[in-house]
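Raw contents of run.txt, compact mmCIF, C-alpha atoms and all ligand atoms:
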```
# COMPACT_ATOMS: atom_id res chain seq x y z
CA MET Q 10 -22.70 -11.46 10.80
CA GLU Q 11 -23.01 -15.23 11.02
CA ASP Q 12 -20.38 -17.34 12.76
CA PHE Q 13 -17.64 -19.06 10.79
CA THR Q 14 -17.93 -22.79 11.45
CA ILE Q 15 -15.14 -25.37 11.61
CA GLY Q 16 -15.39 -29.15 11.58
CA ARG Q 17 -15.19 -32.47 9.75
CA SER Q 18 -18.65 -32.20 8.19
CA GLU Q 19 -18.83 -30.80 4.63
CA ASN Q 20 -21.34 -28.11 5.60
CA ASN Q 21 -18.79 -26.17 7.68
CA ASN Q 22 -17.16 -23.00 6.41
CA TYR Q 23 -13.79 -24.56 7.17
CA VAL Q 24 -13.62 -28.31 6.67
CA ILE Q 25 -10.92 -30.47 8.30
CA ASN Q 26 -10.89 -34.06 7.21
CA ASP Q 27 -9.44 -35.80 10.26
CA ALA Q 28 -10.95 -38.45 12.57
CA SER Q 29 -9.92 -36.54 15.73
CA VAL Q 30 -11.98 -33.51 14.64
CA SER Q 31 -15.72 -33.48 15.47
CA SER Q 32 -18.25 -32.98 12.68
CA HIS Q 33 -19.12 -29.55 14.12
CA HIS Q 34 -16.07 -28.87 16.22
CA ALA Q 35 -15.90 -25.12 16.73
CA LYS Q 36 -17.05 -21.73 15.47
CA ILE Q 37 -15.58 -18.26 15.22
CA SER Q 38 -17.67 -15.26 16.26
CA ILE Q 39 -16.77 -12.19 14.19
CA GLY Q 40 -16.77 -8.79 15.93
CA GLU Q 41 -18.53 -5.70 14.59
CA ASP Q 42 -15.20 -4.28 13.44
CA PHE Q 43 -14.74 -7.45 11.31
CA ASN Q 44 -11.33 -7.79 12.90
CA THR Q 45 -12.04 -9.33 16.31
CA PHE Q 46 -12.36 -13.09 16.38
CA THR Q 47 -13.58 -15.29 19.23
CA PHE Q 48 -13.01 -19.01 19.09
CA ASN Q 49 -15.77 -21.19 20.59
CA ASP Q 50 -15.39 -24.94 21.06
CA LEU Q 51 -18.76 -26.63 20.40
CA ASN Q 52 -18.36 -29.38 23.04
CA SER Q 53 -16.14 -31.33 20.70
CA THR Q 54 -15.12 -34.90 21.57
CA ASN Q 55 -11.36 -34.31 21.56
CA GLY Q 56 -11.30 -30.64 22.53
CA SER Q 57 -9.45 -27.59 21.20
CA LYS Q 58 -6.17 -25.93 22.07
CA ILE Q 59 -5.06 -22.36 21.43
CA ASN Q 60 -1.32 -21.80 21.78
CA GLY Q 61 -1.06 -25.19 23.50
CA GLN Q 62 -3.75 -24.52 26.12
CA SER Q 63 -7.10 -26.30 26.23
CA VAL Q 64 -9.90 -23.76 25.73
CA LEU Q 65 -13.67 -23.44 25.27
CA ILE Q 66 -13.80 -19.74 24.45
CA LYS Q 67 -10.79 -17.62 23.51
CA LYS Q 68 -10.03 -14.52 21.43
CA ILE Q 69 -7.72 -15.40 18.55
CA ASN Q 70 -5.59 -13.48 16.08
CA LYS Q 71 -3.37 -14.19 13.09
CA LYS Q 72 -0.58 -15.38 15.38
CA SER Q 73 -2.68 -17.88 17.33
CA GLN Q 74 -1.84 -21.57 17.07
CA ILE Q 75 -5.13 -23.43 16.76
CA GLN Q 76 -5.36 -27.17 17.39
CA LEU Q 77 -8.57 -29.17 16.95
CA GLY Q 78 -8.29 -32.73 18.28
CA ASN Q 79 -4.90 -33.83 16.96
CA MET Q 80 -4.91 -31.42 14.03
CA LEU Q 81 -2.82 -28.28 14.11
CA ILE Q 82 -4.43 -25.77 11.73
CA ASP Q 83 -2.44 -23.91 9.07
CA THR Q 84 -3.00 -20.40 10.50
CA ASP Q 85 -2.32 -18.50 7.24
CA ASP Q 86 -4.71 -20.66 5.25
CA PHE Q 87 -7.31 -20.45 8.00
CA PHE Q 88 -7.26 -16.66 8.23
CA ASN Q 89 -7.25 -16.27 4.45
CA LYS Q 90 -10.46 -18.33 4.26
CA LEU Q 91 -11.95 -16.45 7.20
CA LYS Q 92 -11.15 -13.15 5.50
CA ALA Q 93 -12.68 -14.34 2.22
CA TYR Q 94 -15.82 -15.42 4.13
CA ILE Q 95 -16.16 -11.98 5.74
CA LEU Q 96 -15.59 -10.17 2.43
CA LYS Q 97 -18.16 -12.33 0.64
CA ASP Q 98 -20.94 -11.40 3.04
CA ARG Q 99 -20.13 -7.74 3.47
CA THR Q 100 -21.47 -5.05 1.16
CA ASP Q 101 -20.81 -1.85 3.13
CA PHE Q 102 -17.19 -0.69 2.97
CA THR Q 103 -17.65 2.94 4.02
CA ILE Q 104 -15.01 2.79 6.77
CA GLU Q 105 -12.32 1.30 4.53
CA PHE Q 106 -13.21 3.64 1.69
CA LYS Q 107 -12.74 6.66 3.95
CA VAL Q 108 -9.17 5.50 4.61
CA LEU Q 109 -8.47 5.79 0.86
CA GLU Q 110 -9.00 9.55 1.09
CA GLU Q 111 -5.96 9.72 3.38
CA VAL Q 112 -3.98 7.43 1.04
CA GLU Q 113 -4.64 9.84 -1.82
CA LYS Q 114 -3.77 12.91 0.28
CA LYS Q 115 -0.47 11.33 1.33
CA TYR Q 116 0.41 10.48 -2.27
CA VAL Q 117 -0.34 14.00 -3.57
CA LYS Q 118 1.71 15.51 -0.76
CA GLN Q 119 4.72 13.27 -1.41
CA LYS Q 120 4.55 13.90 -5.16
CA HIS Q 121 4.47 17.64 -4.56
CA ARG Q 122 7.46 17.39 -2.21
CA VAL Q 123 9.59 15.49 -4.77
CA ASN Q 124 8.80 18.03 -7.50
CA LYS Q 125 9.52 20.97 -5.21
CA PHE Q 126 12.84 19.49 -4.08
CA PHE Q 127 13.85 18.95 -7.70
CA LYS Q 128 13.03 22.56 -8.63
CA ILE Q 129 15.04 23.97 -5.72
CA LYS Q 130 17.99 21.66 -6.41
CA SER Q 131 18.25 22.35 -10.17
CA GLY Q 132 17.73 26.06 -9.57
CA PHE Q 133 20.60 26.03 -7.08
CA ILE Q 134 22.95 24.21 -9.48
CA ARG Q 135 22.12 26.65 -12.29
CA GLY Q 136 22.71 29.59 -9.94
CA VAL Q 137 26.12 28.32 -8.85
CA ILE Q 138 27.25 27.73 -12.44
CA THR Q 139 26.05 31.20 -13.56
CA ILE Q 140 27.76 33.01 -10.66
CA GLY Q 141 30.97 31.06 -11.30
CA LEU Q 142 30.86 32.05 -14.96
CA LEU Q 143 30.27 35.73 -14.17
CA LEU Q 144 33.16 35.79 -11.69
CA PHE Q 145 35.44 34.24 -14.30
CA ILE Q 146 34.48 36.79 -16.96
CA MET Q 147 34.96 39.70 -14.54
CA LYS Q 148 38.42 38.47 -13.54
CA SER Q 149 39.64 37.93 -17.09
CA GLU Q 150 38.50 41.32 -18.46
CA ILE Q 151 42.10 42.22 -19.29
CA LEU Q 152 42.10 39.64 -22.06
CA ASP Q 153 40.38 41.75 -24.67
CA SER Q 154 41.23 40.04 -27.89
CA VAL Q 155 39.97 37.52 -30.40
CA GLU Q 156 41.60 34.84 -28.31
CA SER Q 157 39.59 35.79 -25.20
CA SER Q 158 36.24 35.86 -27.00
CA ARG Q 159 36.98 32.33 -28.14
CA ILE Q 160 37.55 31.35 -24.54
CA TYR Q 161 34.21 32.96 -23.52
CA LEU Q 162 32.45 31.07 -26.30
CA MET Q 163 33.97 27.79 -25.10
CA ILE Q 164 32.98 28.48 -21.50
CA GLY Q 165 29.49 29.47 -22.59
CA VAL Q 166 28.94 26.30 -24.60
CA GLY Q 167 30.41 24.19 -21.77
CA THR Q 168 28.16 25.84 -19.21
CA ILE Q 169 24.97 25.32 -21.21
CA GLY Q 170 25.97 21.68 -21.80
CA GLY Q 171 26.60 21.26 -18.08
CA ILE Q 172 23.24 22.74 -17.13
CA ILE Q 173 21.38 20.54 -19.61
CA SER Q 174 23.12 17.33 -18.50
CA THR Q 175 22.70 18.08 -14.77
CA ALA Q 176 19.03 18.82 -15.30
CA SER Q 177 18.42 15.64 -17.31
CA VAL Q 178 20.16 13.42 -14.71
CA SER Q 179 18.06 14.92 -11.90
CA GLU Q 180 14.95 14.68 -14.04
CA LYS Q 181 15.53 10.95 -14.51
CA ARG Q 182 16.01 10.50 -10.77
CA VAL Q 183 12.85 12.46 -10.08
CA LYS Q 184 10.96 10.36 -12.60
CA HIS Q 185 12.11 7.17 -10.83
CA LYS Q 186 11.06 8.56 -7.47
CA LEU Q 187 7.66 9.56 -8.81
CA ASP Q 188 7.24 6.12 -10.40
CA ASP Q 189 8.01 4.47 -7.03
CA LEU Q 190 5.48 6.67 -5.28
CA TYR Q 191 2.88 5.86 -7.91
CA ILE Q 192 3.43 2.09 -7.57
CA ASP Q 193 2.96 2.26 -3.78
CA TYR Q 194 -0.15 4.38 -4.33
CA THR Q 195 -1.78 1.97 -6.79
CA LEU Q 196 -1.15 -0.93 -4.38
CA GLU Q 197 -3.17 0.84 -1.71
CA PHE Q 198 -5.70 2.85 -3.67
CA ASN Q 199 -8.06 0.07 -4.67
CA CYS Q 200 -11.48 -1.32 -3.82
CA PRO Q 201 -11.51 -2.62 -0.21
CA LYS Q 202 -13.60 -5.60 -1.25
CA CYS Q 203 -12.38 -6.77 -4.67
CA SER Q 204 -9.06 -4.85 -4.96
CA PHE Q 205 -10.17 -3.16 -8.20
CA ASP Q 206 -7.58 -0.50 -9.11
CA LEU Q 207 -9.06 2.96 -8.48
CA SER Q 208 -5.93 5.02 -9.19
CA SER Q 209 -7.14 6.25 -12.60
CA LYS Q 210 -9.60 8.64 -10.90
CA SER Q 211 -9.66 10.75 -7.75
CA TRP Q 212 -11.18 9.77 -4.41
CA ARG Q 213 -13.88 12.42 -4.86
CA PHE Q 214 -14.86 10.91 -8.20
CA TRP Q 215 -15.28 7.42 -6.69
CA LYS Q 216 -17.17 8.85 -3.72
CA SER Q 217 -19.67 10.41 -6.13
CA LYS Q 218 -20.16 6.97 -7.73
CA ASN Q 219 -21.23 5.50 -4.34
CA ASN Q 220 -19.99 2.00 -5.11
CA CYS Q 221 -17.32 -0.10 -6.78
CA PRO Q 222 -17.71 -0.40 -10.58
CA ARG Q 223 -16.66 -4.06 -10.42
CA CYS Q 224 -18.07 -5.73 -7.28
CA LYS Q 225 -20.73 -3.08 -6.54
CA CYS Q 226 -19.90 -2.91 -2.83
CA LYS Q 227 -21.19 0.28 -1.18
CA TRP Q 228 -18.95 2.95 0.32
CA VAL Q 229 -21.14 5.94 1.08
ZN ZN Y 301 -14.86 -3.79 -5.73
```
Target format structure tokens, applied to this file:
Amino acid sequence: MEDFTIGRSENNNYVINDASVSSHHAKISIGEDFNTFTFNDLNSTNGSKINGQSVLIKKINKKSQIQLGNMLIDTDDFFNKLKAYILKDRTDFTIEFKVLEEVEKKYVKQKHRVNKFFKIKSGFIRGVITIGLLLFIMKSEILDSVESSRIYLMIGVGTIGGIISTASVSEKRVKHKLDDLYIDYTLEFNCPKCSFDLSSKSWRFWKSKNNCPRCKCKWV
């Protein structure tokens, strides 16, 4: 892809309006992985510095301090514009789209684990309460009167109430956990180019569509 140009002149991709910056001061070569950046000084009048050192050619990353002439560049702003430039030109996002398959797999797995844990936990609580109740009834068999059946009734009602309330508390907690998982999933499961939310359908569905419904970038 074409180099990303930097300089004072308006026809650069990144314009810096400062007298110490040459009209065409430098350019960034973008690697085939779209994530490797090489800074090239274009024989500028006042030179360039990366991390305080004068350079002509140097690999840079998001932590590099770039100085053109007397101007120290805002690194975040610079890389945001560089990223936008790369995204604008690219149409094939097959590699990034493939990663989404793993994102979906991870989400399904985590969701399954939360549900399974909840089932085991509530089953265990119910089991403990039932066994406790049975033991109590067995022990108090001597009380065979109207009074004792009233006690059994009270215990029975209490037990059922306990089971229902325990289950509903855990269910709420599970719902929160599942909501959290879903939020994380939707933040990741979107179009690699335009961030269009893809979480309403499965990865396989989107693969069969071949491209993004919004920006039309390709991914197969
Ligand atoms: Zn898109």
Exercise. Write out as number ranges by chain the residues lying within 8 Å of Tyr161 (chain Q), counting only C-alpha atoms and excluding same-chain residues fewer than 4 positions away.
Key: Q: 146, 157, 165
Can you write out the residues you just picked, keeping C-alpha atoms, as a PDB file, in the coordinates of the input?
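Result saved to again_16.pdb:
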```pdb
ATOM      1  CA  ILE Q 146      34.480  36.790 -16.960  1.00  0.00           C
ATOM      2  CA  SER Q 157      39.590  35.790 -25.200  1.00  0.00           C
ATOM      3  CA  GLY Q 165      29.490  29.470 -22.590  1.00  0.00           C
TER       4      GLY Q 165
END
```
Cut-off 10 Å: closest chain Q/ligand ZN 301 (chain Y) atom pairs per residue, using only C-alpha atoms and all ligand atoms, as JSON lines:
```
{"residue": "Q:Thr100", "atom": "CA", "partner": "Y:ZN301", "partner_atom": "ZN", "distance": 9.6}
{"residue": "Q:Phe102", "atom": "CA", "partner": "Y:ZN301", "partner_atom": "ZN", "distance": 9.5}
{"residue": "Q:Asn199", "atom": "CA", "partner": "Y:ZN301", "partner_atom": "ZN", "distance": 7.9}
{"residue": "Q:Cys200", "atom": "CA", "partner": "Y:ZN301", "partner_atom": "ZN", "distance": 4.6}
{"residue": "Q:Pro201", "atom": "CA", "partner": "Y:ZN301", "partner_atom": "ZN", "distance": 6.6}
{"residue": "Q:Lys202", "atom": "CA", "partner": "Y:ZN301", "partner_atom": "ZN", "distance": 5.0}
{"residue": "Q:Cys203", "atom": "CA", "partner": "Y:ZN301", "partner_atom": "ZN", "distance": 4.0}
{"residue": "Q:Ser204", "atom": "CA", "partner": "Y:ZN301", "partner_atom": "ZN", "distance": 5.9}
{"residue": "Q:Phe205", "atom": "CA", "partner": "Y:ZN301", "partner_atom": "ZN", "distance": 5.3}
{"residue": "Q:Asp206", "atom": "CA", "partner": "Y:ZN301", "partner_atom": "ZN", "distance": 8.7}
{"residue": "Q:Leu207", "atom": "CA", "partner": "Y:ZN301", "partner_atom": "ZN", "distance": 9.3}
{"residue": "Q:Asn220", "atom": "CA", "partner": "Y:ZN301", "partner_atom": "ZN", "distance": 7.8}
{"residue": "Q:Cys221", "atom": "CA", "partner": "Y:ZN301", "partner_atom": "ZN", "distance": 4.6}
{"residue": "Q:Pro222", "atom": "CA", "partner": "Y:ZN301", "partner_atom": "ZN", "distance": 6.6}
{"residue": "Q:Arg223", "atom": "CA", "partner": "Y:ZN301", "partner_atom": "ZN", "distance": 5.0}
{"residue": "Q:Cys224", "atom": "CA", "partner": "Y:ZN301", "partner_atom": "ZN", "distance": 4.1}
{"residue": "Q:Lys225", "atom": "CA", "partner": "Y:ZN301", "partner_atom": "ZN", "distance": 6.0}
{"residue": "Q:Cys226", "atom": "CA", "partner": "Y:ZN301", "partner_atom": "ZN", "distance": 5.9}
{"residue": "Q:Lys227", "atom": "CA", "partner": "Y:ZN301", "partner_atom": "ZN", "distance": 8.8}
{"residue": "Q:Trp228", "atom": "CA", "partner": "Y:ZN301", "partner_atom": "ZN", "distance": 9.9}
```
Exercise. Using CA of Asn44 (chain Q) and CA of Phe214 (chain Q) as the two end points, give the distance in Å to one decimal.
Key: 28.4 Å
Exercise. Extract, using all atoms listed in the file, all DNA, RNA and protein residues at most 9 Å from region 168-175 of chain Q, discarding same-chain residues fewer than 4 positions from it, and format them as a PyMOL selection string.
Key: chain Q and resi 131+134-135+138-139+142+163-164+179-180
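The residue that comes closest to Val24 (chain Q), out of Q:Val117, Q:Ser211, Q:Leu77, Q:Glu111 and on the basis of all atoms listed in the file, is Q:Leu77.
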Quiz prompt | Top pick for closest residue to Phe126 (chain Q), considering Q:Val64, Q:Val183, Q:Ile25, Q:Val166 and counting only C-alpha atoms | solution = Q:Val183
Quiz item: What separation in Å, quoted to one decimal, exists between CA of Gly16 (chain Q) and CA of His33 (chain Q)?
Solution: 4.5 Å
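Between CA of Leu96 (chain Q) and CA of Ser18 (chain Q) there is a distance of 23.0 Å.
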Using only C-alpha atoms, determine which residues lie at most 12 Å from Ile37 (chain Q), disregarding the query and same-chain residues fewer than 4 positions distant; provide the list as a PDB file with C-alpha atoms, in the frame of the given file.
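For reference, selection-v3.pdb as written:
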```pdb
ATOM      1  CA  MET Q  10     -22.700 -11.460  10.800  1.00  0.00           C
ATOM      2  CA  GLU Q  11     -23.010 -15.230  11.020  1.00  0.00           C
ATOM      3  CA  ASP Q  12     -20.380 -17.340  12.760  1.00  0.00           C
ATOM      4  CA  PHE Q  13     -17.640 -19.060  10.790  1.00  0.00           C
ATOM      5  CA  THR Q  14     -17.930 -22.790  11.450  1.00  0.00           C
ATOM      6  CA  ILE Q  15     -15.140 -25.370  11.610  1.00  0.00           C
ATOM      7  CA  GLY Q  16     -15.390 -29.150  11.580  1.00  0.00           C
ATOM      8  CA  ASN Q  21     -18.790 -26.170   7.680  1.00  0.00           C
ATOM      9  CA  ASN Q  22     -17.160 -23.000   6.410  1.00  0.00           C
ATOM     10  CA  TYR Q  23     -13.790 -24.560   7.170  1.00  0.00           C
ATOM     11  CA  HIS Q  33     -19.120 -29.550  14.120  1.00  0.00           C
ATOM     12  CA  PHE Q  43     -14.740  -7.450  11.310  1.00  0.00           C
ATOM     13  CA  ASN Q  44     -11.330  -7.790  12.900  1.00  0.00           C
ATOM     14  CA  THR Q  45     -12.040  -9.330  16.310  1.00  0.00           C
ATOM     15  CA  PHE Q  46     -12.360 -13.090  16.380  1.00  0.00           C
ATOM     16  CA  THR Q  47     -13.580 -15.290  19.230  1.00  0.00           C
ATOM     17  CA  PHE Q  48     -13.010 -19.010  19.090  1.00  0.00           C
ATOM     18  CA  ASN Q  49     -15.770 -21.190  20.590  1.00  0.00           C
ATOM     19  CA  ASP Q  50     -15.390 -24.940  21.060  1.00  0.00           C
ATOM     20  CA  LEU Q  51     -18.760 -26.630  20.400  1.00  0.00           C
ATOM     21  CA  LEU Q  65     -13.670 -23.440  25.270  1.00  0.00           C
ATOM     22  CA  ILE Q  66     -13.800 -19.740  24.450  1.00  0.00           C
ATOM     23  CA  LYS Q  67     -10.790 -17.620  23.510  1.00  0.00           C
ATOM     24  CA  LYS Q  68     -10.030 -14.520  21.430  1.00  0.00           C
ATOM     25  CA  ILE Q  69      -7.720 -15.400  18.550  1.00  0.00           C
ATOM     26  CA  ASN Q  70      -5.590 -13.480  16.080  1.00  0.00           C
ATOM     27  CA  ILE Q  75      -5.130 -23.430  16.760  1.00  0.00           C
ATOM     28  CA  PHE Q  87      -7.310 -20.450   8.000  1.00  0.00           C
ATOM     29  CA  PHE Q  88      -7.260 -16.660   8.230  1.00  0.00           C
ATOM     30  CA  LEU Q  91     -11.950 -16.450   7.200  1.00  0.00           C
ATOM     31  CA  LYS Q  92     -11.150 -13.150   5.500  1.00  0.00           C
ATOM     32  CA  TYR Q  94     -15.820 -15.420   4.130  1.00  0.00           C
ATOM     33  CA  ILE Q  95     -16.160 -11.980   5.740  1.00  0.00           C
TER      34      ILE Q  95
END
```
